[in-house]
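J.: Sharing a structure, written as C-alpha cells. Questions coming.
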Amino acid sequence: MDGPGLSRHEQQVLQQIEAALAQDGHFGRHMHALERKHLRLGTPRWTPGLSLTVLAILSLSLTITAVLTTRTWLTVAFGAVSGVAITAALAWLCAARRKRGR
C-alpha cells in the first residue's frame, strides 16, 4: 500500500527497504527477469521460421490443389500466398544478415 494510507514512520521504513533492495544486485536481476517474463506472456509465439513454414505448406497445398482441379481462383491464391512467403523470407533474411553484421 502506497500513499496517504501509510504513516510517516511506515513510509520511512518502506523507503529504507526499497533502498536496500535497490542495492542488492541479485534481487535487481531477478526482478528484471520476472518483468521481462511478464511482458513476454502476452506476445505471440510465432517466430519467422514458423511463419515461413506455415506459408510454405499452404503454398504447396494450394499448388497441388490448383493443378489437380484446374481452378483459376486456386492459382491466384497460390500466387498471392507465394508472394507473401517470398517477401517474408527476404525480409527475415535481410534482418538476420543485418543483425549478424553488427
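Going through the C-alpha cells in order, the chains are called A, B, and so on, while each chain numbers its residues from 1 and the ligands are numbered from 1 in the order shown.
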I need the alpha helix (DSSP H) residues of chain A per DSSP on the backbone, written as a ChimeraX atom specification.
T.: /A:8-23,25-40,48-69,72-101
J.: With only C-alpha atoms as the counted atoms, please give the residues lying no more than 12 Å from Thr87 (chain A), apart from itself and same-chain residues fewer than 4 positions off, as a ChimeraX atom specification.
T.: /A:48,51-52,55,80-83,91-94
J.: Counting only C-alpha atoms, which residue out of A:Ala19, A:Gly79, A:Met31, A:Asp24 sits closest to Ala66 (chain A)?
T.: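 Residue with the minimum atom-to-atom distance to Ala66 (chain A): A:Gly79.
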J.: By how many Å are CA of Ala85 (chain A) and CA of Leu50 (chain A) apart?
T.: 11.5 Å
